[in-house]
>>> print(open('upload.txt').read())   # compact mmCIF, C-alpha atoms and all ligand atoms
# COMPACT_ATOMS: atom_id res chain seq x y z
CA MET H 1 19.11 -57.82 74.18
CA SER H 2 17.24 -58.59 71.01
CA ALA H 3 14.15 -56.62 69.96
CA PRO H 4 10.75 -58.10 70.59
CA ASN H 5 9.32 -60.10 67.75
CA LYS H 6 6.96 -58.16 65.53
CA ASN H 7 3.38 -59.25 65.63
CA TYR H 8 2.58 -61.46 62.66
CA ASP H 9 -0.50 -59.91 61.12
CA PRO H 10 -1.24 -61.79 57.91
CA VAL H 11 -3.02 -59.69 55.25
CA GLU H 12 -5.34 -61.46 53.04
CA VAL H 13 -4.45 -60.76 49.44
CA THR H 14 -6.66 -61.66 46.52
CA ALA H 15 -5.69 -61.53 42.90
CA LEU H 16 -7.52 -59.12 40.59
CA SER H 17 -10.20 -61.07 38.89
CA ALA H 18 -10.00 -61.52 35.12
CA GLU H 19 -12.85 -59.10 34.86
CA GLN H 20 -11.11 -56.45 36.97
CA VAL H 21 -7.93 -56.79 34.94
CA GLN H 22 -9.98 -56.48 31.78
CA ARG H 23 -11.66 -53.33 33.11
CA ALA H 24 -8.34 -51.78 34.11
CA LEU H 25 -6.92 -52.66 30.69
CA ALA H 26 -9.94 -51.24 28.88
CA ALA H 27 -9.78 -48.01 30.91
CA ALA H 28 -6.05 -47.68 30.17
CA LEU H 29 -6.48 -48.31 26.44
CA ALA H 30 -9.36 -45.82 26.26
CA ALA H 31 -7.36 -43.12 28.05
CA ILE H 32 -4.34 -43.73 25.82
CA ASP H 33 -6.49 -43.66 22.74
CA SER H 34 -8.25 -40.44 23.68
CA ALA H 35 -5.01 -38.56 24.49
CA THR H 36 -4.65 -36.02 21.72
CA THR H 37 -1.46 -34.33 22.92
CA LEU H 38 1.79 -35.54 24.41
CA ASP H 39 0.85 -33.87 27.70
CA GLU H 40 -2.46 -35.73 27.85
CA LEU H 41 -0.61 -38.96 27.07
CA LYS H 42 1.76 -38.25 29.92
CA GLU H 43 -1.21 -38.00 32.28
CA ALA H 44 -2.65 -41.25 30.93
CA ARG H 45 0.72 -42.96 31.41
CA LEU H 46 0.85 -41.82 35.03
CA ALA H 47 -2.73 -42.91 35.73
CA HIS H 48 -2.57 -46.33 34.02
CA SER H 49 1.04 -47.41 34.13
CA GLY H 50 2.47 -45.42 37.05
CA ASP H 51 3.14 -46.93 40.51
CA LYS H 52 -0.40 -46.22 41.70
CA ALA H 53 -2.13 -47.61 38.59
CA PRO H 54 -4.47 -50.57 39.29
CA LEU H 55 -2.41 -52.94 37.14
CA SER H 56 0.84 -51.89 38.83
CA LEU H 57 -0.65 -52.38 42.28
CA ALA H 58 -1.95 -55.77 41.24
CA ARG H 59 1.48 -56.76 39.90
CA ALA H 60 3.09 -55.69 43.16
CA GLU H 61 0.84 -57.95 45.14
CA ILE H 62 1.30 -61.08 43.05
CA GLY H 63 4.12 -62.26 45.28
CA ALA H 64 1.79 -62.26 48.27
CA LEU H 65 -0.72 -64.55 46.62
CA PRO H 66 -0.92 -68.21 47.48
CA PRO H 67 1.54 -70.07 45.20
CA ALA H 68 -1.23 -71.78 43.30
CA ALA H 69 -2.80 -68.49 42.27
CA ARG H 70 0.48 -66.68 41.38
CA ALA H 71 1.08 -68.12 37.90
CA GLU H 72 -2.39 -67.46 36.63
CA ALA H 73 -2.53 -63.91 38.12
CA GLY H 74 0.97 -63.19 36.81
CA ARG H 75 0.03 -64.16 33.28
CA ARG H 76 -3.17 -62.16 33.35
CA VAL H 77 -1.67 -58.98 34.82
CA GLY H 78 1.53 -59.33 32.79
CA ALA H 79 -0.36 -59.62 29.51
CA ALA H 80 -2.51 -56.60 30.36
CA THR H 81 0.56 -54.56 31.43
CA ALA H 82 2.33 -55.45 28.17
CA ARG H 83 -0.67 -54.30 26.14
CA VAL H 84 -0.79 -51.02 28.00
CA ARG H 85 2.96 -50.53 27.44
CA ASP H 86 2.65 -51.29 23.71
CA ALA H 87 -0.36 -48.99 23.37
CA LEU H 88 1.51 -46.19 25.16
CA SER H 89 4.58 -46.41 22.94
CA ALA H 90 2.49 -46.67 19.76
CA ARG H 91 0.46 -43.58 20.75
CA GLN H 92 3.63 -41.76 21.80
CA ALA H 93 5.18 -42.35 18.38
CA GLN H 94 1.97 -41.29 16.67
CA LEU H 95 1.59 -38.05 18.67
CA GLU H 96 5.27 -37.14 18.20
CA LYS H 97 4.93 -37.55 14.47
CA GLU H 98 1.78 -35.40 14.45
CA ARG H 99 3.63 -32.72 16.46
CA ASP H 100 6.63 -32.79 14.12
CA ASP H 101 4.40 -32.63 11.05
CA SER H 102 2.49 -29.64 12.41
CA VAL H 103 5.72 -27.81 13.38
CA LEU H 104 6.90 -28.24 9.82
CA VAL H 105 3.69 -26.66 8.59
CA THR H 106 3.29 -23.85 11.15
CA GLU H 107 6.95 -22.85 11.24
CA LYS H 108 7.49 -23.11 7.52
CA VAL H 109 9.54 -20.25 6.05
CA ASP H 110 8.89 -19.39 2.46
CA VAL H 111 12.19 -17.95 1.35
CA THR H 112 10.69 -16.96 -1.98
CA LEU H 113 8.17 -14.49 -0.45
CA PRO H 114 8.88 -10.81 -1.21
CA PHE H 115 10.63 -9.22 1.80
CA ASP H 116 9.74 -6.01 3.58
CA ARG H 117 12.96 -4.96 5.28
CA THR H 118 13.71 -1.56 6.84
CA PRO H 119 16.61 -0.16 4.83
CA PRO H 120 19.73 -0.03 6.99
CA GLY H 121 20.59 3.54 5.94
CA ALA H 122 23.90 4.87 4.74
CA ARG H 123 26.22 7.79 5.20
CA HIS H 124 25.14 11.04 3.59
CA PRO H 125 27.12 12.33 0.59
CA VAL H 126 28.18 15.38 2.66
CA THR H 127 29.63 13.03 5.30
CA LEU H 128 31.32 10.97 2.59
CA THR H 129 32.89 14.14 1.13
CA ALA H 130 34.03 15.31 4.57
CA ASP H 131 35.56 11.90 5.30
CA LYS H 132 37.27 11.81 1.93
CA LEU H 133 38.86 15.21 2.54
CA ALA H 134 39.86 14.39 6.10
CA ASP H 135 41.41 11.11 4.87
CA VAL H 136 43.67 13.00 2.44
CA PHE H 137 45.15 14.90 5.36
CA VAL H 138 45.25 11.96 7.75
CA ALA H 139 47.32 10.16 5.09
CA MET H 140 49.75 13.12 5.21
CA GLY H 141 50.08 12.78 9.01
CA TYR H 142 47.42 15.27 10.15
CA GLU H 143 45.26 14.47 13.17
CA VAL H 144 41.50 14.96 13.21
CA ALA H 145 40.45 17.57 15.80
CA ASP H 146 37.00 18.33 17.10
CA GLY H 147 35.29 21.33 18.66
CA PRO H 148 31.85 22.21 20.04
CA GLU H 149 29.11 23.69 17.87
CA VAL H 150 27.92 25.81 20.80
CA GLU H 151 31.05 27.86 21.19
CA ALA H 152 32.43 30.66 23.35
CA GLU H 153 32.69 33.99 21.50
CA TRP H 154 36.28 34.15 22.64
CA TYR H 155 37.21 31.08 20.56
CA ASN H 156 34.98 31.95 17.61
CA PHE H 157 36.08 35.60 17.40
CA ASP H 158 38.38 37.21 20.00
CA ALA H 159 41.24 34.70 19.93
CA LEU H 160 41.01 34.71 16.15
CA ASN H 161 41.89 38.41 16.16
CA ILE H 162 38.28 39.53 15.79
CA PRO H 163 37.61 41.74 18.87
CA PRO H 164 33.99 42.80 19.65
CA ASP H 165 34.06 46.08 17.75
CA HIS H 166 35.93 44.62 14.74
CA PRO H 167 34.01 45.03 11.46
CA ALA H 168 34.93 41.43 10.60
CA ARG H 169 32.28 40.24 13.05
CA GLU H 170 29.77 41.49 10.52
CA MET H 171 31.28 39.21 7.83
CA GLN H 172 29.56 36.21 9.36
CA ASP H 173 26.01 36.77 10.66
CA THR H 174 26.06 35.15 14.04
CA LEU H 175 23.27 33.12 15.64
CA PHE H 176 23.04 33.75 19.36
CA ILE H 177 21.41 31.09 21.48
CA ALA H 178 22.01 32.68 24.85
CA PRO H 179 21.25 36.21 26.14
CA PRO H 180 23.48 38.99 24.77
CA GLY H 181 26.57 39.27 26.93
CA SER H 182 26.60 35.56 27.78
CA GLY H 183 29.54 35.10 25.43
CA ILE H 184 28.00 31.99 23.86
CA VAL H 185 27.28 31.62 20.13
CA LEU H 186 26.66 28.93 17.56
CA ARG H 187 30.05 28.76 15.90
CA THR H 188 30.08 30.52 12.55
CA GLN H 189 33.18 28.70 11.27
CA THR H 190 35.45 25.78 12.14
CA SER H 191 38.34 28.20 12.80
CA PRO H 192 37.80 28.15 16.64
CA VAL H 193 39.19 24.59 16.47
CA GLN H 194 42.50 26.24 15.50
CA ILE H 195 42.53 27.94 18.90
CA ARG H 196 41.42 24.85 20.81
CA SER H 197 44.13 22.81 19.08
CA LEU H 198 46.87 25.39 19.73
CA LEU H 199 45.93 25.59 23.40
CA THR H 200 45.78 21.85 24.02
CA ARG H 201 48.16 20.08 21.64
CA PRO H 202 51.95 20.02 21.63
CA LEU H 203 53.88 21.65 18.78
CA PRO H 204 54.47 21.00 15.97
CA LEU H 205 50.86 20.38 15.13
CA TYR H 206 49.03 19.32 12.02
CA VAL H 207 45.26 19.05 12.42
CA VAL H 208 42.21 18.88 10.20
CA SER H 209 38.74 19.51 11.54
CA PRO H 210 35.48 18.85 9.71
CA GLY H 211 32.31 20.06 11.39
CA ARG H 212 29.01 21.90 11.27
CA VAL H 213 28.77 25.67 11.47
CA TYR H 214 25.84 28.08 11.63
CA ARG H 215 25.11 31.48 10.16
CA ASN H 216 22.07 33.71 10.25
CA GLU H 217 21.65 33.61 6.48
CA ALA H 218 18.61 33.09 4.26
CA MET H 219 18.73 29.83 2.36
CA ASP H 220 19.05 29.95 -1.41
CA ALA H 221 20.64 27.86 -4.13
CA THR H 222 24.15 28.48 -2.79
CA HIS H 223 23.58 29.29 0.89
CA LEU H 224 22.50 27.28 3.92
CA SER H 225 22.16 28.49 7.48
CA ALA H 226 23.70 25.29 8.85
CA PHE H 227 26.47 23.83 6.74
CA TYR H 228 29.76 21.99 7.00
CA GLN H 229 33.29 23.28 6.76
CA ILE H 230 36.64 21.59 6.97
CA GLU H 231 39.51 23.44 8.58
CA GLY H 232 43.20 22.67 8.25
CA LEU H 233 45.94 23.99 10.52
CA ALA H 234 49.67 23.36 10.46
CA VAL H 235 52.06 25.04 12.91
CA ASP H 236 55.72 24.12 12.83
CA GLU H 237 59.15 25.69 12.55
CA GLY H 238 59.85 27.14 9.13
CA LEU H 239 56.47 26.62 7.43
CA THR H 240 55.91 28.86 4.40
CA MET H 241 53.21 29.58 1.86
CA ALA H 242 54.85 26.97 -0.39
CA ASP H 243 53.88 24.30 2.19
CA MET H 244 50.35 25.69 2.25
CA ARG H 245 50.18 25.54 -1.52
CA GLY H 246 51.19 21.88 -1.46
CA ALA H 247 48.50 21.03 1.12
CA ILE H 248 45.84 22.80 -0.91
CA GLN H 249 46.91 21.06 -4.11
CA ALA H 250 46.57 17.72 -2.26
CA PHE H 251 42.90 18.21 -1.47
CA VAL H 252 42.11 19.53 -4.95
CA ASP H 253 43.76 16.42 -6.42
CA ALA H 254 41.82 14.18 -4.02
CA LEU H 255 38.46 15.72 -4.77
CA PHE H 256 38.70 16.49 -8.47
CA GLY H 257 41.50 14.24 -9.71
CA SER H 258 45.04 15.39 -10.32
CA GLY H 259 46.13 17.81 -13.01
CA LEU H 260 44.06 20.89 -12.10
CA LYS H 261 46.00 24.10 -11.47
CA THR H 262 45.30 26.11 -8.33
CA ARG H 263 45.54 29.85 -7.89
CA LEU H 264 45.92 32.06 -4.80
CA ARG H 265 44.66 35.64 -4.84
CA PRO H 266 44.84 38.13 -1.98
CA ASP H 267 41.89 38.05 0.40
CA TYR H 268 41.26 39.12 3.96
CA PHE H 269 40.72 37.02 7.08
CA PRO H 270 41.63 38.57 10.47
CA PHE H 271 43.27 35.34 11.67
CA THR H 272 45.62 34.85 8.71
CA GLU H 273 48.21 37.25 7.33
CA PRO H 274 48.68 37.23 4.43
CA SER H 275 45.34 35.72 3.47
CA ALA H 276 44.29 34.29 0.13
CA GLU H 277 41.33 33.01 -1.75
CA VAL H 278 41.99 29.63 -3.35
CA ALA H 279 40.61 28.97 -6.81
CA MET H 280 41.19 25.98 -9.02
CA GLU H 281 41.09 25.63 -12.75
CA CYS H 282 37.49 24.83 -13.77
CA HIS H 283 37.27 21.03 -13.76
CA VAL H 284 34.41 21.07 -16.28
CA CYS H 285 35.56 23.35 -19.10
CA ARG H 286 39.24 23.50 -18.06
CA GLY H 287 39.31 27.10 -19.18
CA ALA H 288 37.93 26.45 -22.67
CA SER H 289 34.80 28.56 -22.05
CA VAL H 290 36.95 31.68 -21.66
CA LYS H 291 37.94 31.65 -25.33
CA PRO H 292 35.91 33.92 -27.61
CA GLY H 293 32.99 32.10 -29.23
CA ALA H 294 33.28 29.04 -26.92
CA ASP H 295 30.22 27.48 -25.23
CA PRO H 296 29.53 29.15 -21.86
CA CYS H 297 30.32 27.14 -18.69
CA ARG H 298 27.78 27.34 -15.89
CA ILE H 299 30.25 25.97 -13.31
CA CYS H 300 32.87 28.74 -13.61
CA ARG H 301 30.59 31.25 -15.38
CA SER H 302 33.13 31.17 -18.18
CA THR H 303 35.91 32.61 -16.01
CA GLY H 304 37.97 29.41 -16.14
CA TRP H 305 38.38 29.35 -12.32
CA VAL H 306 36.23 28.26 -9.39
CA GLU H 307 36.74 29.48 -5.84
CA ILE H 308 37.08 26.68 -3.35
CA ALA H 309 38.59 27.86 -0.07
CA GLY H 310 40.00 30.60 2.09
CA CYS H 311 43.51 30.27 3.45
CA GLY H 312 46.55 32.12 4.76
CA MET H 313 49.55 32.11 7.06
CA VAL H 314 48.45 32.04 10.71
CA ASN H 315 48.42 35.62 12.00
CA PRO H 316 51.18 36.02 14.66
CA ARG H 317 48.54 37.65 16.90
CA VAL H 318 46.69 34.32 16.97
CA LEU H 319 49.89 32.49 17.87
CA VAL H 320 50.55 34.97 20.69
CA ALA H 321 46.94 34.63 21.98
CA CYS H 322 47.61 30.90 22.29
CA GLY H 323 51.02 31.29 23.93
CA VAL H 324 53.03 30.24 20.87
CA ASP H 325 56.28 32.07 20.07
CA PRO H 326 55.77 33.60 16.60
CA ASP H 327 59.51 34.10 16.19
CA ARG H 328 60.05 30.39 16.39
CA TYR H 329 56.87 28.97 14.86
CA SER H 330 54.86 29.80 11.77
CA GLY H 331 51.79 28.14 10.36
CA PHE H 332 49.15 28.05 7.70
CA ALA H 333 45.42 27.46 7.83
CA PHE H 334 42.67 26.90 5.32
CA GLY H 335 38.92 26.38 5.40
CA LEU H 336 36.37 25.34 2.83
CA GLY H 337 32.66 24.60 2.65
CA ILE H 338 32.00 20.90 2.26
CA GLU H 339 28.58 21.22 0.56
CA ARG H 340 30.05 23.70 -1.91
CA ALA H 341 32.94 21.30 -2.65
CA LEU H 342 30.46 18.48 -3.13
CA MET H 343 28.36 20.65 -5.47
CA LEU H 344 31.37 21.41 -7.59
CA ALA H 345 32.61 17.85 -7.69
CA HIS H 346 29.22 16.42 -8.66
CA GLY H 347 27.55 19.21 -10.58
CA VAL H 348 24.82 19.82 -7.98
CA SER H 349 23.14 23.11 -8.85
CA ASP H 350 21.11 23.70 -5.66
CA ILE H 351 22.80 23.37 -2.25
CA ARG H 352 19.40 22.79 -0.63
CA ASP H 353 19.37 19.30 -2.20
CA THR H 354 22.00 18.35 0.39
CA VAL H 355 19.62 19.02 3.31
CA ASP H 356 16.24 18.00 1.88
CA GLY H 357 16.70 14.41 3.05
CA ASP H 358 15.39 13.03 -0.23
CA VAL H 359 16.95 9.61 -0.59
CA ARG H 360 16.97 9.93 -4.39
CA PHE H 361 19.66 12.59 -4.01
CA SER H 362 21.89 10.25 -1.99
CA ARG H 363 21.27 7.31 -4.33
CA ALA H 364 22.62 9.35 -7.23
CA PHE H 365 26.00 9.22 -5.47
CA GLY H 366 26.02 5.46 -5.64
CA THR H 367 25.12 5.30 -1.97
CA GLU H 368 23.65 1.88 -1.18
CA ILE H 369 20.52 2.32 0.93
C1 LIG H 401 35.63 31.19 6.72
O1 LIG H 401 34.67 30.73 7.33
C2 LIG H 401 37.02 31.05 7.22
N1 LIG H 401 36.98 30.56 8.57
C3 LIG H 401 37.81 30.14 6.31
C4 LIG H 401 39.29 30.18 6.58
C5 LIG H 401 39.86 29.24 7.40
C6 LIG H 401 40.09 31.17 6.04
C7 LIG H 401 41.21 29.27 7.68
C8 LIG H 401 41.44 31.22 6.29
C9 LIG H 401 41.99 30.27 7.12
P1 LIG H 401 34.20 31.96 4.69
O2 LIG H 401 33.24 32.77 5.45
O3 LIG H 401 34.59 32.43 3.35
O4 LIG H 401 35.51 31.68 5.52
O5 LIG H 401 33.62 30.48 4.55
C10 LIG H 401 34.40 29.41 4.08
C11 LIG H 401 33.61 28.57 3.10
O6 LIG H 401 32.38 28.16 3.70
C12 LIG H 401 33.18 29.30 1.84
O7 LIG H 401 34.22 29.26 0.90
C13 LIG H 401 32.02 28.47 1.38
O8 LIG H 401 32.47 27.33 0.68
C14 LIG H 401 31.40 28.02 2.67
N2 LIG H 401 30.23 28.83 3.02
C15 LIG H 401 30.21 30.08 3.51
N3 LIG H 401 28.95 30.50 3.74
C16 LIG H 401 28.14 29.47 3.37
C17 LIG H 401 26.73 29.26 3.38
N4 LIG H 401 25.89 30.17 3.85
N5 LIG H 401 26.26 28.06 2.94
C18 LIG H 401 27.10 27.12 2.51
N6 LIG H 401 28.44 27.24 2.49
C19 LIG H 401 28.97 28.40 2.91
>>> encode(input="upload.txt", output="structure tokens")
Amino acid sequence: MSAPNKNYDPVEVTALSAEQVQRALAAALAAIDSATTLDELKEARLAHSGDKAPLSLARAEIGALPPAARAEAGRRVGAATARVRDALSARQAQLEKERDDSVLVTEKVDVTLPFDRTPPGARHPVTLTADKLADVFVAMGYEVADGPEVEAEWYNFDALNIPPDHPAREMQDTLFIAPPGSGIVLRTQTSPVQIRSLLTRPLPLYVVSPGRVYRNEAMDATHLSAFYQIEGLAVDEGLTMADMRGAIQAFVDALFGSGLKTRLRPDYFPFTEPSAEVAMECHVCRGASVKPGADPCRICRSTGWVEIAGCGMVNPRVLVACGVDPDRYSGFAFGLGIERALMLAHGVSDIRDTVDGDVRFSRAFGTEI
């Protein structure tokens, strides 16, 4: 069955009069003209050229006009619509250009203006010296080992053959940060890393350990209460003092250039036996200041030698404390102060310059800041 016919309900349509078209056109042109931003122009476009705009509605109804009226209405509305379209695109181009011009002005970057940049910073000369020394040993196959600055007394003293009542505990004034009896200290030397390495690493072992240490000492031109040391430890079968001598010569060559003699003289450290004090030929006067009548040398105080490190063969008691068989293994260890080495290498007369934080000190080392 077919659907019932729809009721025919003719709508009477009249064309916009010339006057109405003119008014709609004038309103559109005024809105386009007064749009000062692209957003305002977008609104004007919607209002005067969108589907609901008077001219658009009029155009849509042209087809419903009596044939005789269509041509005239079409021309009138078409011409007005074309003018609106042209005005819109002209204004669009104009506003886009204004926007681009103002962006060029407001976002202009003057690359010739003086800059005010936060300096990126750089590594401190003490760090550079520590790295340089560690690198010498890494190149010889040593590993870099680390240890805590807050250390157990057992590692800092006992295992290093310094029991509680040993007079050697007085050699390094200890800073305690926990109640007496807690067994916790600020490490006074990097030597506890020897113990930590022996207890955790397989043999043979070759380690170097730079790090900060603390002592309850008054600061003066050659003493700090927090300073850096670098420790070396080698434990293997058949190591002798000749091997130790070679290792020491390597770091002297690296820091001061090759050709300086080194000298070992007996010293005492509880954790090495025998122990020695390492001195090197004075790199400034090369011994000349010792001769009668020669100019004095402030670096070596005219002795011809400067002390640079402590060293020795690892005491068998230390090996035993770490479970290492002293009949099979032997070792050597050495330790030196990094600030003191830096002072010697660069002629710094006051160690406090290394902790003042004055950037002029660092710049003198060629550090780029
Ligand atoms: C020791 O600390 C030993 N642990 C070194 C060692 C390691 C010996 C391995 C044998 C085997 P000593 O207390 O001498 O030794 O200190 C070593 C170096 O630290 C000194 O030669 C010196 O360069 C530096 N040093 C010592 N006290 C200070 C201080 N207050 N300020 C700056 N540097 C210091």
>>> closest_atom_pairs(input="upload.txt", of="chain H", to="ligand LIG 401 (chain H)", cutoff="8 Å", atoms="all atoms listed in the file", output="tab-separated table")
residue	atom	partner	partner_atom	distance
H:Met171	CA	H:LIG401	O2	7.1
H:Gln172	CA	H:LIG401	O2	6.4
H:Thr188	CA	H:LIG401	O1	7.0
H:Gln189	CA	H:LIG401	O1	4.7
H:Thr190	CA	H:LIG401	N1	6.2
H:Ser191	CA	H:LIG401	N1	5.0
H:Arg215	CA	H:LIG401	N4	6.5
H:Glu217	CA	H:LIG401	N4	6.1
H:Ala218	CA	H:LIG401	N4	7.9
H:Met219	CA	H:LIG401	N4	7.3
H:Thr222	CA	H:LIG401	N5	6.1
H:His223	CA	H:LIG401	N5	3.6
H:Leu224	CA	H:LIG401	N5	4.0
H:Ser225	CA	H:LIG401	N4	5.5
H:Ala226	CA	H:LIG401	N5	7.0
H:Phe227	CA	H:LIG401	C18	5.4
H:Tyr228	CA	H:LIG401	N6	7.0
H:Gln229	CA	H:LIG401	O6	5.8
H:Glu231	CA	H:LIG401	C5	5.9
H:Gly232	CA	H:LIG401	C7	6.9
H:Leu233	CA	H:LIG401	C7	7.6
H:Phe269	CA	H:LIG401	C8	5.9
H:Phe271	CA	H:LIG401	C9	6.9
H:Thr272	CA	H:LIG401	C8	6.0
H:Ser275	CA	H:LIG401	C8	6.6
H:Ala276	CA	H:LIG401	C8	7.4
H:Glu307	CA	H:LIG401	O7	7.2
H:Ile308	CA	H:LIG401	O7	5.7
H:Ala309	CA	H:LIG401	O7	4.7
H:Gly310	CA	H:LIG401	C6	4.0
H:Cys311	CA	H:LIG401	C8	3.6
H:Gly312	CA	H:LIG401	C8	5.4
H:Met313	CA	H:LIG401	C9	7.8
H:Val314	CA	H:LIG401	C9	7.6
H:Phe332	CA	H:LIG401	C9	7.5
H:Ala333	CA	H:LIG401	C9	4.5
H:Phe334	CA	H:LIG401	C7	3.6
H:Gly335	CA	H:LIG401	C5	3.6
H:Leu336	CA	H:LIG401	C11	4.3
H:Gly337	CA	H:LIG401	O8	3.4
H:Ile338	CA	H:LIG401	O8	6.6
H:Glu339	CA	H:LIG401	N6	6.3
H:Arg340	CA	H:LIG401	O8	5.1
H:Ala341	CA	H:LIG401	O8	6.9
H:Ile351	CA	H:LIG401	C18	7.4
>>> write_last_selection(input="upload.txt", atoms="C-alpha atoms", output="PDB file, in the frame of the given file")
ATOM      1  CA  MET H 171      31.280  39.210   7.830  1.00  0.00           C
ATOM      2  CA  GLN H 172      29.560  36.210   9.360  1.00  0.00           C
ATOM      3  CA  THR H 188      30.080  30.520  12.550  1.00  0.00           C
ATOM      4  CA  GLN H 189      33.180  28.700  11.270  1.00  0.00           C
ATOM      5  CA  THR H 190      35.450  25.780  12.140  1.00  0.00           C
ATOM      6  CA  SER H 191      38.340  28.200  12.800  1.00  0.00           C
ATOM      7  CA  ARG H 215      25.110  31.480  10.160  1.00  0.00           C
ATOM      8  CA  GLU H 217      21.650  33.610   6.480  1.00  0.00           C
ATOM      9  CA  ALA H 218      18.610  33.090   4.260  1.00  0.00           C
ATOM     10  CA  MET H 219      18.730  29.830   2.360  1.00  0.00           C
ATOM     11  CA  THR H 222      24.150  28.480  -2.790  1.00  0.00           C
ATOM     12  CA  HIS H 223      23.580  29.290   0.890  1.00  0.00           C
ATOM     13  CA  LEU H 224      22.500  27.280   3.920  1.00  0.00           C
ATOM     14  CA  SER H 225      22.160  28.490   7.480  1.00  0.00           C
ATOM     15  CA  ALA H 226      23.700  25.290   8.850  1.00  0.00           C
ATOM     16  CA  PHE H 227      26.470  23.830   6.740  1.00  0.00           C
ATOM     17  CA  TYR H 228      29.760  21.990   7.000  1.00  0.00           C
ATOM     18  CA  GLN H 229      33.290  23.280   6.760  1.00  0.00           C
ATOM     19  CA  GLU H 231      39.510  23.440   8.580  1.00  0.00           C
ATOM     20  CA  GLY H 232      43.200  22.670   8.250  1.00  0.00           C
ATOM     21  CA  LEU H 233      45.940  23.990  10.520  1.00  0.00           C
ATOM     22  CA  PHE H 269      40.720  37.020   7.080  1.00  0.00           C
ATOM     23  CA  PHE H 271      43.270  35.340  11.670  1.00  0.00           C
ATOM     24  CA  THR H 272      45.620  34.850   8.710  1.00  0.00           C
ATOM     25  CA  SER H 275      45.340  35.720   3.470  1.00  0.00           C
ATOM     26  CA  ALA H 276      44.290  34.290   0.130  1.00  0.00           C
ATOM     27  CA  GLU H 307      36.740  29.480  -5.840  1.00  0.00           C
ATOM     28  CA  ILE H 308      37.080  26.680  -3.350  1.00  0.00           C
ATOM     29  CA  ALA H 309      38.590  27.860  -0.070  1.00  0.00           C
ATOM     30  CA  GLY H 310      40.000  30.600   2.090  1.00  0.00           C
ATOM     31  CA  CYS H 311      43.510  30.270   3.450  1.00  0.00           C
ATOM     32  CA  GLY H 312      46.550  32.120   4.760  1.00  0.00           C
ATOM     33  CA  MET H 313      49.550  32.110   7.060  1.00  0.00           C
ATOM     34  CA  VAL H 314      48.450  32.040  10.710  1.00  0.00           C
ATOM     35  CA  PHE H 332      49.150  28.050   7.700  1.00  0.00           C
ATOM     36  CA  ALA H 333      45.420  27.460   7.830  1.00  0.00           C
ATOM     37  CA  PHE H 334      42.670  26.900   5.320  1.00  0.00           C
ATOM     38  CA  GLY H 335      38.920  26.380   5.400  1.00  0.00           C
ATOM     39  CA  LEU H 336      36.370  25.340   2.830  1.00  0.00           C
ATOM     40  CA  GLY H 337      32.660  24.600   2.650  1.00  0.00           C
ATOM     41  CA  ILE H 338      32.000  20.900   2.260  1.00  0.00           C
ATOM     42  CA  GLU H 339      28.580  21.220   0.560  1.00  0.00           C
ATOM     43  CA  ARG H 340      30.050  23.700  -1.910  1.00  0.00           C
ATOM     44  CA  ALA H 341      32.940  21.300  -2.650  1.00  0.00           C
ATOM     45  CA  ILE H 351      22.800  23.370  -2.250  1.00  0.00           C
TER      46      ILE H 351
END
>>> residues_near_point(input="upload.txt", point="(57.8, 18.2, 20.4)", cutoff="12 Å", atoms="all atoms listed in the file", output="list in words")
Arg201, Pro202, Leu203, Pro204, Leu205, Val235, Asp236 and Glu237 of chain H
>>> closest_residue(input="upload.txt", among="H:Arg70, H:Arg45, H:Lys52, H:Arg196", to="Cys322 (chain H)", atoms="all atoms listed in the file")
H:Arg196
>>> residues_near_point(input="upload.txt", point="(33.6, 20.1, -16.6)", cutoff="9 Å", atoms="all atoms listed in the file", output="list in words")
Cys282, His283, Val284, Cys285, Arg286, Cys297, Ile299 and Gly347 of chain H
>>> atom_distance(input="upload.txt", atom1="CA of Asp327 (chain H)", atom2="CA of Gly238 (chain H)")
9.9 Å
>>> atom_distance(input="upload.txt", atom1="CA of Arg83 (chain H)", atom2="CA of Ala28 (chain H)")
9.4 Å
>>> atom_distance(input="upload.txt", atom1="CA of Ala122 (chain H)", atom2="CA of Phe361 (chain H)")
12.4 Å
>>> closest_residue(input="upload.txt", among="H:Arg123, H:Ser258, H:Glu281, H:Leu160", to="Gly366 (chain H)", atoms="all atoms listed in the file")
H:Arg123
>>> closest_residue(input="upload.txt", among="H:Asp353, H:Asp253, H:Asp325, H:Asp116", to="Leu198 (chain H)", atoms="only C-alpha atoms")
H:Asp325
>>> residues_around(input="upload.txt", residues="Asp146 (chain H)", least_positions_apart="2", cutoff="9 Å", atoms="only C-alpha atoms", output="list in words")
Val144, Pro148, Val193, Arg196, Ser197, Val208, Ser209, Pro210 and Gly211 of chain H
>>> closest_residue(input="upload.txt", among="H:Tyr206, H:Asp165, H:Leu88, H:Gly147", to="Leu38 (chain H)", atoms="all atoms listed in the file")
H:Leu88
>>> axis_aligned_box(input="upload.txt", around="region 202-216 of chain H", padding_each_side="4 Å", output="AutoDock Vina command-line options")
--center_x 38.3 --center_y 26.3 --center_z 15.7 --size_x 40.4 --size_y 22.9 --size_z 19.9
>>> closest_residue(input="upload.txt", among="H:Arg91, H:Ile230, H:Tyr155, H:Met241", to="Val207 (chain H)", atoms="all atoms listed in the file")
H:Ile230
>>> decode(input="upload.txt", residues="region 171-179 of chain H", atoms="C-alpha atoms", output="tab-separated table (two decimals), in the first residue's frame")
chain	number	residue	atom	x	y	z
H	171	MET	CA	97.92	9.92	65.41
H	172	GLN	CA	94.71	11.01	63.72
H	173	ASP	CA	92.34	13.16	65.80
H	174	THR	CA	89.00	11.55	65.23
H	175	LEU	CA	85.66	13.33	64.80
H	176	PHE	CA	82.84	11.41	66.43
H	177	ILE	CA	79.34	12.05	65.16
H	178	ALA	CA	77.56	9.49	67.28
H	179	PRO	CA	77.63	8.85	71.06
